[in-house]
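Raw coords-v9.cif, mmCIF, C-alpha atoms:
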```
data_query
#
loop_
_atom_site.label_atom_id
_atom_site.label_comp_id
_atom_site.auth_asym_id
_atom_site.auth_seq_id
_atom_site.Cartn_x
_atom_site.Cartn_y
_atom_site.Cartn_z
CA SER A 1 52.15 18.18 53.78
CA SER A 2 55.72 18.86 52.68
CA SER A 3 58.42 16.35 52.02
CA ASN A 4 61.70 15.47 50.38
CA LEU A 5 61.21 11.73 50.04
CA PRO A 6 64.24 9.56 50.88
CA SER A 7 65.97 7.61 48.13
CA SER A 8 66.81 4.46 50.05
CA PRO A 9 68.04 1.40 48.15
CA PRO A 10 65.68 -1.39 47.10
CA GLN A 11 65.72 -4.37 49.44
CA ASN A 12 67.12 -6.95 47.01
CA GLY A 13 70.22 -5.39 45.50
CA ILE A 14 70.07 -3.79 42.06
CA THR A 15 66.63 -3.12 40.58
CA ARG A 16 66.22 -3.12 36.80
CA VAL A 17 63.85 -0.26 35.86
CA ILE A 18 62.29 0.57 32.48
CA VAL A 19 61.90 4.31 31.91
CA THR A 20 59.45 5.11 29.10
CA GLY A 21 59.73 8.51 27.44
CA ALA A 22 63.34 8.43 28.64
CA ALA A 23 64.51 11.08 26.18
CA GLY A 24 61.72 13.50 27.09
CA ARG A 25 62.17 16.61 29.18
CA THR A 26 61.27 14.85 32.45
CA GLY A 27 62.09 11.26 31.47
CA ARG A 28 65.73 12.06 30.86
CA HIS A 29 66.07 13.38 34.43
CA VAL A 30 64.55 10.14 35.77
CA PHE A 31 66.87 8.03 33.59
CA SER A 32 69.95 10.06 34.63
CA LEU A 33 69.18 9.79 38.35
CA LEU A 34 68.73 6.02 38.07
CA GLN A 35 71.91 5.76 36.00
CA GLU A 36 73.86 7.57 38.73
CA ASN A 37 72.37 5.39 41.50
CA PRO A 38 74.26 2.10 42.10
CA PHE A 39 71.06 0.40 43.30
CA PHE A 40 69.30 0.77 39.93
CA HIS A 41 69.89 -0.32 36.33
CA PRO A 42 67.71 1.76 33.98
CA VAL A 43 66.57 0.73 30.50
CA GLY A 44 65.20 3.64 28.46
CA LEU A 45 62.29 3.31 26.03
CA VAL A 46 62.46 6.10 23.43
CA ARG A 47 60.37 6.89 20.36
CA THR A 48 63.02 7.51 17.69
CA GLU A 49 66.63 6.67 16.79
CA ARG A 50 67.41 10.37 17.12
CA SER A 51 66.13 10.37 20.70
CA ALA A 52 68.20 7.25 21.41
CA LYS A 53 71.40 8.93 20.22
CA LYS A 54 70.65 12.01 22.31
CA LEU A 55 70.07 9.92 25.45
CA LEU A 56 73.22 7.85 24.89
CA LYS A 57 75.30 11.00 24.53
CA SER A 58 73.84 12.84 27.53
CA THR A 59 73.87 9.96 30.03
CA GLY A 60 76.73 7.70 28.99
CA ALA A 61 74.34 4.74 28.90
CA SER A 62 75.26 1.61 26.95
CA LEU A 63 73.44 0.49 23.80
CA GLU A 64 71.76 -2.38 25.65
CA GLN A 65 70.11 0.19 27.92
CA ILE A 66 68.12 1.82 25.09
CA VAL A 67 65.07 0.41 23.27
CA VAL A 68 63.46 2.33 20.39
CA GLU A 69 59.67 1.89 20.49
CA ASP A 70 56.71 4.21 19.80
CA VAL A 71 54.13 3.65 22.55
CA THR A 72 51.29 4.59 20.19
CA LEU A 73 52.31 1.68 17.92
CA LEU A 74 52.67 -0.50 21.00
CA ALA A 75 49.04 0.35 21.76
CA GLU A 76 48.09 -0.89 18.31
CA GLY A 77 49.52 -4.32 19.06
CA GLU A 78 53.04 -4.00 17.69
CA ASP A 79 55.45 -6.43 19.35
CA VAL A 80 58.34 -5.02 21.31
CA SER A 81 61.62 -6.87 21.77
CA LEU A 82 61.17 -8.30 25.25
CA SER A 83 64.76 -9.52 25.58
CA ALA A 84 66.06 -6.01 26.32
CA LEU A 85 63.29 -5.51 28.90
CA ALA A 86 63.54 -8.93 30.54
CA ASN A 87 63.92 -9.17 34.32
CA ALA A 88 62.76 -5.59 34.87
CA GLU A 89 61.15 -5.25 38.28
CA ALA A 90 59.70 -1.78 37.79
CA MET A 91 58.63 0.77 35.19
CA VAL A 92 58.51 4.57 35.34
CA ILE A 93 56.08 5.99 32.76
CA CYS A 94 57.13 9.47 31.62
CA THR A 95 55.30 9.63 28.28
CA SER A 96 52.76 12.35 27.56
CA ALA A 97 51.19 14.06 24.58
CA VAL A 98 52.99 17.38 24.05
CA PRO A 99 51.09 20.36 22.61
CA ILE A 100 52.71 22.48 19.90
CA ILE A 101 51.73 26.05 19.17
CA VAL A 102 49.89 26.92 15.93
CA LYS A 103 52.23 29.50 14.38
CA ARG A 104 49.59 31.34 12.36
CA SER A 105 47.60 31.93 15.56
CA VAL A 106 50.66 33.64 17.10
CA VAL A 107 51.04 35.92 14.06
CA LYS A 108 47.33 36.81 14.22
CA PHE A 109 47.56 37.44 17.98
CA LEU A 110 50.57 39.77 17.60
CA ILE A 111 49.06 41.73 14.71
CA LEU A 112 45.78 42.30 16.59
CA LYS A 113 47.72 43.33 19.70
CA LEU A 114 49.73 45.85 17.66
CA LEU A 115 46.47 47.23 16.29
CA ARG A 116 45.18 47.41 19.89
CA ARG A 117 42.29 45.16 19.04
CA LYS A 118 40.90 42.28 21.07
CA ALA A 119 42.92 39.14 20.35
CA LYS A 120 42.30 35.50 21.16
CA ALA A 121 45.16 33.68 22.88
CA PRO A 122 47.42 31.64 20.55
CA GLU A 123 46.14 28.13 19.72
CA PHE A 124 47.79 24.78 20.37
CA ARG A 125 47.50 21.44 18.62
CA TRP A 126 48.94 17.94 18.89
CA LYS A 127 51.45 16.34 16.55
CA PRO A 128 49.77 13.96 14.07
CA GLY A 129 49.11 10.62 15.75
CA GLN A 130 50.21 12.01 19.14
CA CYS A 131 46.89 13.16 20.62
CA PRO A 132 46.01 12.50 24.30
CA GLU A 133 43.68 9.60 23.57
CA LYS A 134 46.49 7.78 21.75
CA VAL A 135 49.43 8.73 23.99
CA ASP A 136 47.99 9.34 27.46
CA TYR A 137 45.29 6.67 27.35
CA ALA A 138 45.92 3.89 24.81
CA GLY A 139 49.70 4.33 25.04
CA GLN A 140 49.75 4.22 28.83
CA LEU A 141 47.43 1.20 28.96
CA ALA A 142 49.81 -0.56 26.57
CA GLN A 143 52.74 0.28 28.85
CA VAL A 144 50.92 -1.06 31.92
CA ASN A 145 50.14 -4.23 29.97
CA LEU A 146 53.79 -4.47 28.95
CA ALA A 147 54.83 -4.19 32.61
CA LYS A 148 52.51 -7.11 33.42
CA LYS A 149 53.78 -9.13 30.44
CA ILE A 150 57.44 -8.91 31.47
CA GLY A 151 56.64 -9.64 35.11
CA ALA A 152 57.37 -6.20 36.57
CA GLU A 153 55.75 -5.67 39.95
CA GLN A 154 55.77 -1.88 40.27
CA VAL A 155 54.82 1.09 38.08
CA VAL A 156 55.46 4.77 38.80
CA LEU A 157 53.35 7.02 36.57
CA ILE A 158 53.92 10.74 36.04
CA SER A 159 50.47 12.18 35.35
CA SER A 160 49.25 15.72 35.95
CA MET A 161 47.46 17.83 38.51
CA GLY A 162 44.01 19.17 37.56
CA GLY A 163 42.37 15.82 36.83
CA THR A 164 39.37 16.62 39.06
CA GLN A 165 38.58 19.70 36.92
CA PRO A 166 36.85 18.84 33.61
CA ASP A 167 36.87 22.55 32.66
CA ASN A 168 40.65 22.89 33.18
CA PHE A 169 42.30 24.84 30.35
CA LEU A 170 44.52 21.87 29.44
CA ASN A 171 41.43 19.89 28.40
CA SER A 172 40.65 22.52 25.75
CA ILE A 173 43.94 22.05 23.88
CA GLY A 174 43.26 20.36 20.54
CA LYS A 175 39.53 21.13 20.62
CA LYS A 176 37.64 23.21 18.09
CA PRO A 177 35.22 25.97 19.19
CA ASP A 178 32.31 23.53 18.86
CA GLY A 179 33.97 21.13 21.33
CA THR A 180 34.99 18.50 18.78
CA GLY A 181 38.59 17.46 18.19
CA HIS A 182 41.30 15.67 20.15
CA GLY A 183 41.40 17.29 23.59
CA ASP A 184 40.62 16.29 27.18
CA ILE A 185 44.20 15.37 28.06
CA LEU A 186 43.54 15.34 31.83
CA ILE A 187 40.45 13.16 31.39
CA TRP A 188 42.38 10.61 29.29
CA LYS A 189 45.19 10.65 31.86
CA ARG A 190 42.70 9.94 34.67
CA LYS A 191 41.23 7.00 32.74
CA ALA A 192 44.72 5.53 32.36
CA GLU A 193 45.37 6.07 36.08
CA LYS A 194 42.21 4.13 36.96
CA TYR A 195 43.34 1.23 34.76
CA LEU A 196 46.68 1.16 36.59
CA MET A 197 45.06 1.42 40.03
CA ASP A 198 42.68 -1.43 39.19
CA SER A 199 45.58 -3.67 38.14
CA ASN A 200 47.42 -6.07 40.41
CA LEU A 201 50.59 -3.97 40.18
CA SER A 202 52.10 -1.92 42.96
CA CYS A 203 51.81 1.66 41.73
CA THR A 204 52.61 5.27 42.52
CA ILE A 205 50.80 8.00 40.56
CA ILE A 206 52.42 11.42 40.73
CA HIS A 207 50.39 14.52 39.82
CA PRO A 208 52.85 17.41 39.39
CA GLY A 209 51.80 21.01 38.92
CA GLY A 210 53.28 23.02 36.04
CA LEU A 211 56.64 21.51 35.08
CA LYS A 212 59.59 23.89 34.98
CA ASN A 213 63.07 23.47 33.55
CA GLU A 214 64.80 24.55 36.75
CA SER A 215 67.47 22.91 38.86
CA SER A 216 66.56 20.60 41.73
CA GLY A 217 66.85 21.10 45.46
CA LYS A 218 66.24 24.86 45.54
CA LYS A 219 62.64 24.76 46.79
CA GLN A 220 60.52 22.93 49.35
CA ILE A 221 58.43 20.15 47.82
CA ILE A 222 54.79 20.13 48.98
CA LEU A 223 52.58 17.05 48.68
CA ASP A 224 48.78 16.83 48.88
CA VAL A 225 45.84 15.07 47.18
CA ASP A 226 42.61 15.78 45.23
CA ASP A 227 43.90 18.94 43.52
CA ASN A 228 43.96 20.85 46.82
CA LEU A 229 47.23 22.44 45.66
CA MET A 230 45.40 24.05 42.72
CA ARG A 231 44.32 26.69 45.24
CA ASN A 232 47.95 27.69 45.82
CA LYS A 233 49.32 30.80 44.14
CA ALA A 234 52.49 28.89 43.17
CA ARG A 235 51.51 25.66 41.41
CA SER A 236 54.71 24.57 39.69
CA ILE A 237 57.61 22.20 40.34
CA SER A 238 60.92 21.54 38.60
CA ARG A 239 61.31 18.49 36.37
CA PRO A 240 64.39 17.30 38.32
CA ASP A 241 62.39 17.44 41.58
CA VAL A 242 59.65 15.30 40.00
CA ALA A 243 62.36 12.86 38.86
CA LYS A 244 63.62 12.64 42.45
CA LEU A 245 60.11 11.79 43.62
CA CYS A 246 59.94 9.01 41.01
CA VAL A 247 63.22 7.47 42.15
CA ALA A 248 62.22 7.76 45.80
CA ALA A 249 58.86 6.09 45.07
CA LEU A 250 60.64 3.04 43.63
CA SER A 251 61.85 2.18 47.12
CA THR A 252 59.52 4.07 49.50
CA CYS A 253 56.27 2.97 47.85
CA ARG A 254 57.08 -0.63 46.88
CA GLY A 255 54.16 -2.97 47.42
CA LYS A 256 51.69 -0.10 47.82
CA LYS A 257 49.15 1.81 45.74
CA VAL A 258 49.78 5.52 46.23
CA ALA A 259 48.70 8.73 44.47
CA PHE A 260 49.66 12.29 45.36
CA ASP A 261 49.94 15.82 43.95
CA CYS A 262 53.14 17.85 44.15
CA VAL A 263 54.28 21.44 43.75
CA SER A 264 57.15 23.40 45.28
CA ARG A 265 57.50 26.72 47.07
CA ASP A 266 60.32 29.17 47.65
CA LEU A 267 62.06 29.02 50.99
CA THR A 268 61.66 31.97 53.34
CA GLU A 269 64.76 33.80 54.50
CA GLY A 270 66.85 31.58 56.78
CA GLU A 271 64.65 28.51 56.15
CA LYS A 272 66.39 25.25 55.27
CA LEU A 273 65.08 22.33 53.21
CA ASN A 274 63.61 19.53 55.33
#
```
Kindly transcribe the structure held in the file into structure tokens.
Amino acid sequence: SSSNLPSSPPQNGITRVIVTGAAGRTGRHVFSLLQENPFFHPVGLVRTERSAKKLLKSTGASLEQIVVEDVTLLAEGEDVSLSALANAEAMVICTSAVPIIVKRSVVKFLILKLLRRKAKAPEFRWKPGQCPEKVDYAGQLAQVNLAKKIGAEQVVLISSMGGTQPDNFLNSIGKKPDGTGHGDILIWKRKAEKYLMDSNLSCTIIHPGGLKNESSGKKQIILDVDDNLMRNKARSISRPDVAKLCVAALSTCRGKKVAFDCVSRDLTEGEKLN
């Protein structure tokens, strides 16, 4: 199916929405869209003071709209100031473990390529304390629990496509050749999704394909389920388009439990966006 979901206003005036990972590459698009929309009042949860300053500068948000909190510490039982998050009706979870490339593996790869010898692809690892089990599982469970604690009724979670494929390449990131290490990001994400689905919260779980730093509104958004879109040749979507889906879900999917996959495709000549 293909769709550009509507962004109709919530039924009861202005909705206060917590955006976690609000300074991240996708989270900041979600925060900005909500900031520009008169029907929403976003509050951004960011990991560091540096991220807070960046978000304030880029969005024109006020200080009371930013809370500095590391979700991995939240998962370990650290208290968060609830006053800034009070009266929030919804939460959009944009946090995710982010792989970083192992520089020495790139050097080795390039040298072997220059020598025309067989070379293994460059390796990736996670930042210390930021592995999938901590961020995508324990951290997301802590955020769902926080939503319950403050009385929010709805959670929109940005997850990832490929969760039905245990052998997906993304699950190998952070693992050693013998299979040990801190990998399985898609498996940890799926476990967090199940926890959210089993809760009493209204929820929308979005599984985007590969996230691209492109502008929004240039391609047709395609929705499906169960990783059917993994068969497509084009399996990516822009971060701003995913942000639009999040904002639309806050009104379109209220009171429901919904999960879907999304990618985008180029328009054919003369074709217009639906």
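With only C-alpha atoms as the atoms that count, the minimum distance from A:Pro177 to the choices A:Glu64, A:Glu123, A:Glu133, A:Glu89 is reached by A:Glu123.
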key: Picked residues, the PyMOL selection byres ((chain A and resi 135-138) around 7), expected as number ranges by chain   = A: 72, 75, 96-97, 130-134, 139-142, 188-189, 191-192
Can I get the selection written as an mmCIF file, in the coordinates of the input, with C-alpha atoms?
```cif
data_model
loop_
_atom_site.group_PDB
_atom_site.id
_atom_site.type_symbol
_atom_site.label_atom_id
_atom_site.label_comp_id
_atom_site.auth_asym_id
_atom_site.auth_seq_id
_atom_site.Cartn_x
_atom_site.Cartn_y
_atom_site.Cartn_z
ATOM 1 C CA THR A 72 51.290 4.590 20.190
ATOM 2 C CA ALA A 75 49.040 0.350 21.760
ATOM 3 C CA SER A 96 52.760 12.350 27.560
ATOM 4 C CA ALA A 97 51.190 14.060 24.580
ATOM 5 C CA GLN A 130 50.210 12.010 19.140
ATOM 6 C CA CYS A 131 46.890 13.160 20.620
ATOM 7 C CA PRO A 132 46.010 12.500 24.300
ATOM 8 C CA GLU A 133 43.680 9.600 23.570
ATOM 9 C CA LYS A 134 46.490 7.780 21.750
ATOM 10 C CA GLY A 139 49.700 4.330 25.040
ATOM 11 C CA GLN A 140 49.750 4.220 28.830
ATOM 12 C CA LEU A 141 47.430 1.200 28.960
ATOM 13 C CA ALA A 142 49.810 -0.560 26.570
ATOM 14 C CA TRP A 188 42.380 10.610 29.290
ATOM 15 C CA LYS A 189 45.190 10.650 31.860
ATOM 16 C CA LYS A 191 41.230 7.000 32.740
ATOM 17 C CA ALA A 192 44.720 5.530 32.360
#
```
task = Using only C-alpha atoms, find all polymer residues with an atom at most 12 Å away from the point (63.7, 16.3, 36.4); report them as a ChimeraX atom specification.
result = /A:22-34,94,158,208,211-217,237-247
query = Care to translate the PyMOL selection byres ((chain A and resi 162) around 9) into actual residues of this file, as a PyMOL selection string?
reply = chain A and resi 160-161+163-166+168+170+186+207+209+226-227+230
If you keep C-alpha atoms, can you produce a file of those selected residues as an mmCIF file, in the coordinates of the input?
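Output file out.cif follows:
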```
data_model
loop_
_atom_site.group_PDB
_atom_site.id
_atom_site.type_symbol
_atom_site.label_atom_id
_atom_site.label_comp_id
_atom_site.auth_asym_id
_atom_site.auth_seq_id
_atom_site.Cartn_x
_atom_site.Cartn_y
_atom_site.Cartn_z
ATOM 1 C CA SER A 160 49.250 15.720 35.950
ATOM 2 C CA MET A 161 47.460 17.830 38.510
ATOM 3 C CA GLY A 163 42.370 15.820 36.830
ATOM 4 C CA THR A 164 39.370 16.620 39.060
ATOM 5 C CA GLN A 165 38.580 19.700 36.920
ATOM 6 C CA PRO A 166 36.850 18.840 33.610
ATOM 7 C CA ASN A 168 40.650 22.890 33.180
ATOM 8 C CA LEU A 170 44.520 21.870 29.440
ATOM 9 C CA LEU A 186 43.540 15.340 31.830
ATOM 10 C CA HIS A 207 50.390 14.520 39.820
ATOM 11 C CA GLY A 209 51.800 21.010 38.920
ATOM 12 C CA ASP A 226 42.610 15.780 45.230
ATOM 13 C CA ASP A 227 43.900 18.940 43.520
ATOM 14 C CA MET A 230 45.400 24.050 42.720
#
```
request  = For atom CA of A:Asn171 and atom CA of A:Arg125, determine how far apart the two atoms are, in Å to one decimal place.
outcome  = 11.6 Å
request  = Let me know the residues the PyMOL selection byres ((chain A and resi 225) around 9) catches in the file above, as a ChimeraX atom specification.
outcome  = /A:207,223-224,226-229,259-262
Keeping C-alpha atoms, export the residues of the selection given above as a CSV table (one decimal), in the coordinates of the input.
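Result file out.csv:
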```
chain,number,residue,atom,x,y,z
A,207,HIS,CA,50.4,14.5,39.8
A,223,LEU,CA,52.6,17.0,48.7
A,224,ASP,CA,48.8,16.8,48.9
A,226,ASP,CA,42.6,15.8,45.2
A,227,ASP,CA,43.9,18.9,43.5
A,228,ASN,CA,44.0,20.8,46.8
A,229,LEU,CA,47.2,22.4,45.7
A,259,ALA,CA,48.7,8.7,44.5
A,260,PHE,CA,49.7,12.3,45.4
A,261,ASP,CA,49.9,15.8,44.0
A,262,CYS,CA,53.1,17.8,44.2
```
inquiry  = Please list as a ChimeraX atom specification every residue within 12 Å of A:Arg104, counting all atoms listed in the file and excluding residues in the same chain fewer than 6 positions away.
reply    = /A:110-111,121-125
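Each of A:Glu69, A:Glu36, A:Asp266, A:Glu193 was checked against A:Thr48 using all atoms listed in the file; the smallest atom-to-atom distance is that of A:Glu69.
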ask   = Could you pull the residues within 12 Å of A:Ala152, counting only C-alpha atoms, minus those fewer than 3 positions along the same chain, as a VMD selection string?
value = chain A and resid 15 to 18 85 to 92 143 to 149 155 to 156 200 to 203 254 to 255
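A straight line drawn from atom CA of A:Ile14 to atom CA of A:Thr252 is 15.1 Å long.
With distances taken from (60.7, 25.0, 43.9) and restricted to all atoms listed in the file, the residues inside 6 Å are Lys218, Lys219, Gln220, Ile237, Ser264, Arg265 and Asp266 of chain A.
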For C-alpha atoms, I'd like the residues from the last selection saved as an mmCIF file, in the frame of the given file.
```
data_model
loop_
_atom_site.group_PDB
_atom_site.id
_atom_site.type_symbol
_atom_site.label_atom_id
_atom_site.label_comp_id
_atom_site.auth_asym_id
_atom_site.auth_seq_id
_atom_site.Cartn_x
_atom_site.Cartn_y
_atom_site.Cartn_z
ATOM 1 C CA LYS A 218 66.240 24.860 45.540
ATOM 2 C CA LYS A 219 62.640 24.760 46.790
ATOM 3 C CA GLN A 220 60.520 22.930 49.350
ATOM 4 C CA ILE A 237 57.610 22.200 40.340
ATOM 5 C CA SER A 264 57.150 23.400 45.280
ATOM 6 C CA ARG A 265 57.500 26.720 47.070
ATOM 7 C CA ASP A 266 60.320 29.170 47.650
#
```
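If all atoms listed in the file are the atoms counted, then among A:Gln65, A:Gly21, A:Ser236, A:Leu196 the closest residue to A:Gln35 is A:Gln65.
If you look at atom CA of A:Ser83 and atom CA of A:Ser62, they are 15.4 Å away from each other.
Shortest atom-to-atom contact with A:Cys253 among A:Thr20, A:Gly174, A:Ser199, A:Glu153: A:Glu153, counting all atoms listed in the file.
Using all atoms listed in the file for every distance, the candidate list A:Val258, A:Leu157, A:Leu63, A:Ile185 yields A:Leu157 as the residue closest to A:Thr95.
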